[in-house]
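This is upload_16.cif. It holds mmCIF, C-alpha atoms.
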```
data_final
loop_
_atom_site.label_atom_id
_atom_site.label_comp_id
_atom_site.auth_asym_id
_atom_site.auth_seq_id
_atom_site.Cartn_x
_atom_site.Cartn_y
_atom_site.Cartn_z
CA MET A 670 0.52 9.15 -14.79
CA SER A 671 2.25 5.84 -15.36
CA PRO A 672 1.21 3.79 -18.38
CA ARG A 673 -1.10 0.88 -17.83
CA ARG A 674 0.61 -2.48 -17.42
CA SER A 675 -0.55 -5.14 -19.84
CA TYR A 676 -0.41 -8.88 -20.18
CA ASP A 677 0.16 -8.27 -23.91
CA GLN A 678 -2.24 -11.06 -24.79
CA PHE A 679 -4.83 -10.76 -27.56
CA CYS A 680 -7.64 -12.08 -25.36
CA SER A 681 -10.65 -10.19 -23.97
CA ALA A 682 -10.20 -11.71 -20.50
CA ALA A 683 -6.57 -10.58 -20.45
CA ARG A 684 -7.56 -7.13 -21.69
CA ALA A 685 -10.18 -6.86 -18.94
CA LEU A 686 -7.60 -7.83 -16.33
CA ASP A 687 -5.29 -5.16 -17.73
CA VAL A 688 -7.94 -2.67 -16.54
CA VAL A 689 -9.39 -4.19 -13.35
CA GLY A 690 -6.90 -6.87 -12.34
CA ASP A 691 -4.85 -4.73 -9.95
CA ARG A 692 -5.35 -5.27 -6.23
CA TRP A 693 -8.16 -3.11 -4.76
CA THR A 694 -9.67 -1.95 -8.07
CA LEU A 695 -12.78 -4.13 -7.96
CA LEU A 696 -13.30 -3.41 -4.27
CA ILE A 697 -13.25 0.30 -5.07
CA VAL A 698 -15.92 -0.42 -7.68
CA ARG A 699 -17.92 -2.24 -4.98
CA GLU A 700 -17.82 0.89 -2.83
CA LEU A 701 -18.68 3.25 -5.69
CA LEU A 702 -21.76 1.19 -6.54
CA ALA A 703 -23.25 3.07 -3.57
CA GLY A 704 -22.99 6.30 -5.56
CA PRO A 705 -20.57 9.23 -5.28
CA ARG A 706 -18.05 8.82 -2.44
CA ARG A 707 -15.43 11.12 -0.98
CA TYR A 708 -11.84 9.89 -0.84
CA THR A 709 -11.95 9.82 2.95
CA ASP A 710 -15.11 7.69 2.92
CA LEU A 711 -13.56 5.25 0.48
CA HIS A 712 -10.45 4.96 2.61
CA ALA A 713 -12.56 4.32 5.73
CA ASP A 714 -14.53 1.53 4.03
CA LEU A 715 -11.49 -0.14 2.47
CA PRO A 716 -9.53 -1.14 5.59
CA GLY A 717 -6.03 -2.24 4.71
CA VAL A 718 -5.50 -0.04 1.67
CA SER A 719 -2.79 2.60 1.93
CA THR A 720 -3.52 6.19 0.97
CA ASP A 721 -0.94 6.02 -1.83
CA VAL A 722 -2.41 2.86 -3.34
CA LEU A 723 -5.97 4.16 -3.12
CA ALA A 724 -5.00 7.44 -4.82
CA SER A 725 -3.13 5.52 -7.53
CA ARG A 726 -6.03 3.16 -8.21
CA LEU A 727 -8.51 6.02 -8.44
CA LYS A 728 -6.27 7.81 -10.95
CA ASP A 729 -6.01 4.59 -12.97
CA MET A 730 -9.79 4.22 -12.90
CA GLU A 731 -10.21 7.78 -14.16
CA ARG A 732 -7.68 7.16 -16.95
CA ASP A 733 -9.44 3.95 -17.98
CA GLY A 734 -12.91 5.47 -18.01
CA LEU A 735 -14.27 3.58 -15.00
CA ALA A 736 -14.70 6.55 -12.65
CA ASN A 737 -14.91 10.33 -12.62
CA ARG A 738 -13.85 12.88 -10.02
CA ARG A 739 -16.02 15.95 -9.62
CA ARG A 740 -16.60 18.76 -7.16
CA MET A 741 -19.89 18.80 -5.28
CA PRO A 742 -21.79 22.09 -5.33
CA PRO A 743 -21.93 24.28 -2.20
CA PRO A 744 -22.39 23.92 0.68
CA ALA A 745 -20.61 20.55 0.41
CA ALA A 746 -17.81 21.80 -1.89
CA ALA A 747 -16.05 18.44 -1.60
CA TYR A 748 -14.61 16.26 -4.35
CA VAL A 749 -16.27 12.91 -4.92
CA TYR A 750 -15.59 9.90 -7.10
CA GLU A 751 -18.34 8.13 -8.99
CA LEU A 752 -18.60 5.32 -11.50
CA THR A 753 -19.08 5.99 -15.18
CA ASP A 754 -21.52 3.86 -17.17
CA ARG A 755 -18.53 1.72 -18.13
CA GLY A 756 -17.61 1.26 -14.48
CA ARG A 757 -21.17 0.38 -13.51
CA GLU A 758 -21.11 -2.41 -16.09
CA LEU A 759 -18.82 -4.23 -13.64
CA LEU A 760 -21.78 -4.95 -11.31
CA PRO A 761 -22.55 -8.36 -12.90
CA VAL A 762 -18.81 -9.13 -12.84
CA LEU A 763 -18.71 -8.49 -9.09
CA GLN A 764 -21.90 -10.49 -8.61
CA ALA A 765 -20.42 -13.42 -10.53
CA LEU A 766 -17.25 -13.23 -8.43
CA GLY A 767 -19.36 -13.09 -5.29
CA SER A 768 -21.30 -16.19 -6.32
CA TRP A 769 -18.09 -18.01 -7.18
CA GLY A 770 -16.53 -16.98 -3.88
CA GLU A 771 -19.41 -18.08 -1.65
CA SER A 772 -17.63 -21.31 -0.76
CA GLU A 773 -14.49 -19.34 0.13
CA LEU A 774 -16.20 -17.17 2.73
CA GLY A 775 -15.84 -19.63 5.60
CA GLU A 776 -15.91 -18.35 9.17
CA ARG A 777 -15.12 -14.76 9.98
CA GLY A 778 -11.57 -14.52 11.29
CA PRO A 779 -10.57 -12.40 14.29
CA THR A 780 -8.82 -9.87 12.05
CA ASP A 781 -11.51 -9.78 9.33
CA ALA A 782 -13.06 -6.34 8.91
CA VAL A 783 -16.76 -6.10 8.11
CA ARG A 784 -19.10 -3.35 7.04
CA ALA A 785 -22.87 -3.79 7.00
CA HIS A 786 -23.14 -2.70 3.36
CA TRP A 787 -20.76 -5.48 2.26
CA PHE A 788 -23.82 -7.74 2.54
CA ALA A 789 -25.65 -5.59 -0.03
CA LEU A 790 -24.51 -7.46 -3.15
CA PRO A 791 -25.28 -10.95 -1.75
CA LEU A 792 -28.77 -9.77 -0.79
CA LEU A 793 -29.28 -8.24 -4.23
CA ARG A 794 -28.44 -11.64 -5.73
CA ALA A 795 -31.11 -13.18 -3.50
CA LEU A 796 -33.83 -10.71 -4.56
CA ASP A 797 -35.73 -11.48 -7.75
CA SER A 798 -38.01 -8.44 -7.71
CA GLU A 799 -37.48 -4.71 -8.07
CA GLY A 800 -37.86 -2.12 -5.37
CA LEU A 801 -36.26 -0.15 -2.55
CA VAL A 802 -35.37 -2.38 0.38
CA GLU A 803 -34.19 -1.26 3.81
CA VAL A 804 -32.02 -3.78 5.66
CA ARG A 805 -31.39 -3.72 9.39
CA LEU A 806 -28.45 -5.64 10.82
CA ASP A 807 -26.62 -5.60 14.13
CA GLU A 808 -23.65 -4.07 12.26
CA GLY A 809 -25.77 -1.23 10.90
CA ASP A 810 -28.49 -0.34 8.42
CA PHE A 811 -28.28 -0.04 4.65
CA HIS A 812 -30.66 0.02 1.74
CA LEU A 813 -30.81 -1.64 -1.67
CA TYR A 814 -32.18 -0.56 -5.03
CA ALA A 815 -33.15 -3.98 -6.33
CA GLY A 816 -33.36 -4.09 -10.11
CA ALA A 817 -32.02 -0.55 -10.54
CA GLU A 818 -30.71 0.03 -14.06
CA ASP A 819 -28.87 3.26 -13.23
CA GLY A 820 -27.90 5.27 -10.20
CA PRO A 821 -26.72 3.79 -6.89
CA VAL A 822 -27.14 0.07 -6.26
CA TYR A 823 -27.15 0.43 -2.47
CA GLY A 824 -26.45 2.98 0.25
CA ASP A 825 -25.55 3.23 3.91
CA GLY A 826 -28.17 4.01 6.50
CA PRO A 827 -31.98 3.94 6.35
CA ALA A 828 -33.78 4.23 3.03
CA PRO A 829 -34.13 7.84 1.79
CA ARG A 830 -37.88 7.37 1.36
CA GLU A 831 -40.51 4.86 2.39
CA PRO A 832 -39.11 1.51 1.20
CA ASP A 833 -41.03 -1.20 -0.60
CA ALA A 834 -39.87 -3.64 2.09
CA ARG A 835 -37.87 -3.72 5.31
CA LEU A 836 -35.76 -6.72 6.22
CA LEU A 837 -34.61 -7.42 9.76
CA LEU A 838 -32.03 -10.18 10.18
CA ASP A 839 -28.97 -11.02 12.20
CA ALA A 840 -25.39 -11.33 10.98
CA ALA A 841 -25.47 -15.14 11.10
CA THR A 842 -28.43 -15.25 8.72
CA CYS A 843 -26.87 -12.65 6.43
CA THR A 844 -23.64 -14.66 6.40
CA ALA A 845 -25.55 -17.84 5.53
CA LEU A 846 -27.19 -16.00 2.64
CA ALA A 847 -23.81 -14.66 1.50
CA ARG A 848 -22.33 -18.18 1.59
CA GLY A 849 -25.20 -19.55 -0.48
CA GLU A 850 -26.19 -21.88 2.35
CA LEU A 851 -29.64 -20.32 2.71
CA GLY A 852 -32.04 -18.80 0.22
CA LEU A 853 -33.98 -15.67 1.09
CA PRO A 854 -37.43 -17.30 0.72
CA ASP A 855 -36.35 -20.13 3.04
CA ALA A 856 -34.97 -17.63 5.54
CA VAL A 857 -38.27 -15.73 5.54
CA ARG A 858 -40.30 -18.92 5.96
CA ALA A 859 -38.04 -20.05 8.81
CA GLY A 860 -38.52 -16.75 10.61
CA ARG A 861 -34.86 -15.84 10.31
CA VAL A 862 -35.73 -12.76 8.25
CA THR A 863 -38.58 -10.51 9.36
CA VAL A 864 -40.27 -8.67 6.50
CA THR A 865 -42.34 -5.54 7.14
CA GLY A 866 -43.88 -2.95 4.86
CA ASP A 867 -46.95 -2.54 2.69
CA GLY A 868 -45.25 -2.50 -0.71
CA ALA A 869 -45.67 -5.17 -3.35
CA LEU A 870 -42.15 -6.44 -2.70
CA ALA A 871 -42.82 -6.91 1.02
CA LYS A 872 -46.02 -8.80 0.28
CA GLU A 873 -44.26 -10.95 -2.28
CA LEU A 874 -41.49 -11.84 0.18
CA ARG A 875 -43.98 -12.74 2.90
CA GLU A 876 -45.89 -14.98 0.50
CA THR A 877 -42.86 -16.92 -0.76
#
```

Encoding of this model in structure tokens:
Amino acid sequence: MSPRRSYDQFCSAARALDVVGDRWTLLIVRELLAGPRRYTDLHADLPGVSTDVLASRLKDMERDGLANRRRMPPPAAAYVYELTDRGRELLPVLQALGSWGESELGERGPTDAVRAHWFALPLLRALDSEGLVEVRLDEGDFHLYAGAEDGPVYGDGPAPREPDARLLLDAATCTALARGELGLPDAVRAGRVTVTGDGALAKELRET
């Protein structure tokens, strides 16, 4: 394994960039915030990354204590990658970057890839309460663990159990939320987000 490149600057920001500043590293973290992922799943949800670069970044992340590789028990018997506690500490970093980049989002270009779960982190920023939230978009369904202190932050597909709230919205509304142009309470009041469910979180969202 090649040694880590360094800026050779005695500065915590420079040291952090020594670890996560390479292209694709933070986007791999974004994907692993959904929990353990197989290499093939990561490659599918990171369009544009080559297999060599993805393999190299994952090895770097293992070396630097951000991720682990482990074998799933039978019948799966597949290898998965997952974040360590140190890697999961990058969630607020990604959220801060997402907030900073809201004005850069602009219009979706004809070559821009999109995955439904890429809207997970913007929606988490918009939620003040804790709970399991199922989100339904034209691009697909995903779920969020709002306020979770450990474990996955989000996941693809419907919620694994009865959620505290279900949100139904279109891509335009989700994009407006991601750009910071629209707050979730305003979107609910305007009827752009439909909230269903009997949990406390659903009731709170309907009453905002």

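Distances here use only C-alpha atoms; by that measure, the residue among A:Ala847, A:Val688, A:Ala840, A:Ala745 closest to A:Ala785 is A:Ala840.
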
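With distances restricted to all atoms listed in the file, A:Leu702 is the closest residue to A:Tyr814 from A:Val722, A:Val864, A:Leu702, A:Met730.
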
| message | Running the PyMOL selection byres ((chain A and resi 828) around 8) on this model by hand, what would come out? Give it as a list in words. | response | Leu801, Val802, Glu803, Phe811, His812, Gly824, Gly826, Pro827, Pro829, Arg830, Glu831 and Pro832 of chain A

| Which residue of A:Ala795, A:Leu735, A:Ser675, A:Pro716 approaches A:Asp754 most closely, using only C-alpha atoms | A:Leu735

| task | Give me the residues within 9 Å of A:Arg726 as a count of residues only, counting all atoms listed in the file and dropping any in the same chain fewer than 3 places off. | result | 11

| message | Using Å and a single decimal, report how far atom CA of A:Arg674 sits from atom CA of A:Asp687. | response |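 These atoms are spaced 6.5 Å apart.
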
| task | Step by step, work through what the PyMOL selection byres ((chain A and resi 849-860) around 7) selects in the shown file, and finish by giving those residues as a ChimeraX atom specification. | result | /A:771,795,845-848,861-863,874-875,877

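Using all atoms listed in the file, the smallest distance between any of A:Asp797, A:Asp677, A:Asp781, A:Asp714 and A:Asp825 comes from A:Asp714.
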
| request: Any chance you could resolve the PyMOL selection byres ((chain A and resi 806) around 10) against this file and give the residues as JSON, numbers by chain? | output: {"A": [785, 786, 788, 804, 805, 807, 808, 809, 810, 811, 836, 837, 838, 839, 840, 841, 842, 843]}

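A cut-off of 12 Å from the point (-16.8, -12.5, -9.3), with only C-alpha atoms, picks out the residues Val689, Gly690, Leu695, Leu696, Arg699, Leu759, Leu760, Pro761, Val762, Leu763, Gln764, Ala765, Leu766, Gly767, Ser768, Trp769, Gly770, Glu771, Glu773, Leu790 and Pro791 of chain A.
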
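Considering the residues A:Asp733, A:Ala871, A:Glu799, A:Gly717 and counting only C-alpha atoms, A:Arg684 has its shortest atom-to-atom contact with A:Asp733.
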
| said: I'd like the interatomic distance between atom CA of A:Gly800 and atom CA of A:Asp833, to a tenth of an Å. | reply: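 Here the two named atoms are 5.8 Å from each other.
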
| said: Counting all atoms listed in the file, which residue out of A:Arg777, A:Arg794, A:Arg784, A:His712 sits closest to A:Leu727? | reply: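 Counting all atoms listed in the file, the residue closest to A:Leu727 is A:His712.
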
| Between atom CA of A:Asp710 and atom CA of A:Pro742, what is the distance, to one decimal in Å? |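 We find that atom CA of A:Asp710 and atom CA of A:Pro742 lie 17.9 Å from each other.
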
| Excluding same-chain residues fewer than 2 positions from A:Asn737, what lies within 7 Å of it counting all atoms listed in the file, as a PyMOL selection string? | chain A and resi 731+739+750-753

Can you write stretch 722-829 of chain A from the block above with C-alpha atoms, as a short mmCIF file (atom, residue, chain, number, x, y, z; two decimals), in the first residue's frame?
```
data_model
loop_
_atom_site.label_atom_id
_atom_site.label_comp_id
_atom_site.auth_asym_id
_atom_site.auth_seq_id
_atom_site.Cartn_x
_atom_site.Cartn_y
_atom_site.Cartn_z
CA VAL A 722 -9.78 4.39 -8.01
CA LEU A 723 -12.62 3.03 -5.88
CA ALA A 724 -10.51 0.07 -4.74
CA SER A 725 -7.59 2.40 -3.96
CA ARG A 726 -9.74 4.82 -1.95
CA LEU A 727 -11.29 2.01 0.06
CA LYS A 728 -7.84 0.65 0.91
CA ASP A 729 -6.75 4.15 1.96
CA MET A 730 -9.85 4.47 4.14
CA GLU A 731 -9.07 1.15 5.81
CA ARG A 732 -5.46 2.22 6.41
CA ASP A 733 -6.57 5.54 7.90
CA GLY A 734 -9.17 4.01 10.20
CA LEU A 735 -12.24 5.39 8.43
CA ALA A 736 -13.68 2.09 7.18
CA ASN A 737 -13.48 -1.66 7.74
CA ARG A 738 -13.92 -4.57 5.36
CA ARG A 739 -15.58 -7.69 6.71
CA ARG A 740 -17.21 -10.85 5.46
CA MET A 741 -20.95 -11.21 5.96
CA PRO A 742 -22.10 -14.48 7.55
CA PRO A 743 -23.85 -17.13 5.42
CA PRO A 744 -25.96 -17.23 3.39
CA ALA A 745 -24.72 -13.85 2.12
CA ALA A 746 -20.99 -14.69 2.39
CA ALA A 747 -20.10 -11.40 0.71
CA TYR A 748 -17.55 -8.81 1.74
CA VAL A 749 -18.87 -5.42 2.80
CA TYR A 750 -17.34 -2.10 3.74
CA GLU A 751 -18.59 -0.08 6.68
CA LEU A 752 -17.59 3.08 8.48
CA THR A 753 -15.72 3.00 11.75
CA ASP A 754 -16.70 5.39 14.54
CA ARG A 755 -13.96 7.68 13.23
CA GLY A 756 -15.45 7.57 9.75
CA ARG A 757 -18.95 8.25 11.02
CA GLU A 758 -17.65 11.42 12.69
CA LEU A 759 -17.47 12.85 9.16
CA LEU A 760 -21.29 13.17 9.02
CA PRO A 761 -21.30 16.77 10.33
CA VAL A 762 -18.44 17.57 7.93
CA LEU A 763 -20.52 16.34 5.00
CA GLN A 764 -23.55 18.22 6.30
CA ALA A 765 -21.54 21.43 6.57
CA LEU A 766 -20.23 20.93 3.03
CA GLY A 767 -23.77 20.29 1.84
CA SER A 768 -25.02 23.49 3.45
CA TRP A 769 -22.13 25.45 1.98
CA GLY A 770 -22.75 23.93 -1.45
CA GLU A 771 -26.49 24.65 -1.60
CA SER A 772 -25.92 27.71 -3.76
CA GLU A 773 -23.75 25.65 -6.12
CA LEU A 774 -26.44 23.08 -6.87
CA GLY A 775 -28.10 25.06 -9.65
CA GLU A 776 -30.15 23.24 -12.27
CA ARG A 777 -29.64 19.57 -12.96
CA GLY A 778 -27.56 19.17 -16.10
CA PRO A 779 -28.33 16.62 -18.82
CA THR A 780 -25.34 14.49 -17.80
CA ASP A 781 -25.87 14.80 -14.03
CA ALA A 782 -26.50 11.45 -12.35
CA VAL A 783 -28.95 11.30 -9.46
CA ARG A 784 -29.90 8.73 -6.87
CA ALA A 785 -32.92 9.14 -4.62
CA HIS A 786 -30.86 8.63 -1.46
CA TRP A 787 -28.60 11.57 -2.35
CA PHE A 788 -31.44 13.73 -1.00
CA ALA A 789 -31.14 12.00 2.38
CA LEU A 790 -28.57 14.34 3.93
CA PRO A 791 -30.38 17.56 2.88
CA LEU A 792 -33.61 16.21 4.37
CA LEU A 793 -31.82 15.24 7.57
CA ARG A 794 -30.61 18.84 7.84
CA ALA A 795 -34.22 19.98 7.51
CA LEU A 796 -35.51 17.69 10.28
CA ASP A 797 -35.20 18.93 13.85
CA SER A 798 -36.73 15.90 15.55
CA GLU A 799 -35.71 12.28 15.97
CA GLY A 800 -37.36 9.29 14.38
CA LEU A 801 -37.56 6.92 11.43
CA VAL A 802 -38.82 8.67 8.30
CA GLU A 803 -39.80 7.04 5.02
CA VAL A 804 -39.43 9.25 1.95
CA ARG A 805 -41.14 8.62 -1.36
CA LEU A 806 -39.84 10.32 -4.49
CA ASP A 807 -40.35 9.78 -8.20
CA GLU A 808 -36.71 8.59 -8.33
CA GLY A 809 -37.30 5.97 -5.64
CA ASP A 810 -37.90 5.45 -1.93
CA PHE A 811 -35.46 5.76 0.94
CA HIS A 812 -35.63 6.13 4.68
CA LEU A 813 -33.88 8.30 7.26
CA TYR A 814 -32.87 7.75 10.86
CA ALA A 815 -33.22 11.33 12.07
CA GLY A 816 -31.15 12.02 15.16
CA ALA A 817 -29.46 8.61 15.12
CA GLU A 818 -26.26 8.60 17.17
CA ASP A 819 -24.96 5.30 15.79
CA GLY A 820 -25.79 2.84 13.06
CA PRO A 821 -26.97 3.79 9.56
CA VAL A 822 -28.06 7.36 8.87
CA TYR A 823 -30.28 6.42 5.94
CA GLY A 824 -31.08 3.48 3.68
CA ASP A 825 -32.52 2.67 0.27
CA GLY A 826 -36.06 1.46 -0.10
CA PRO A 827 -39.02 1.53 2.31
CA ALA A 828 -38.45 1.75 6.05
CA PRO A 829 -37.63 -1.63 7.67
#
```
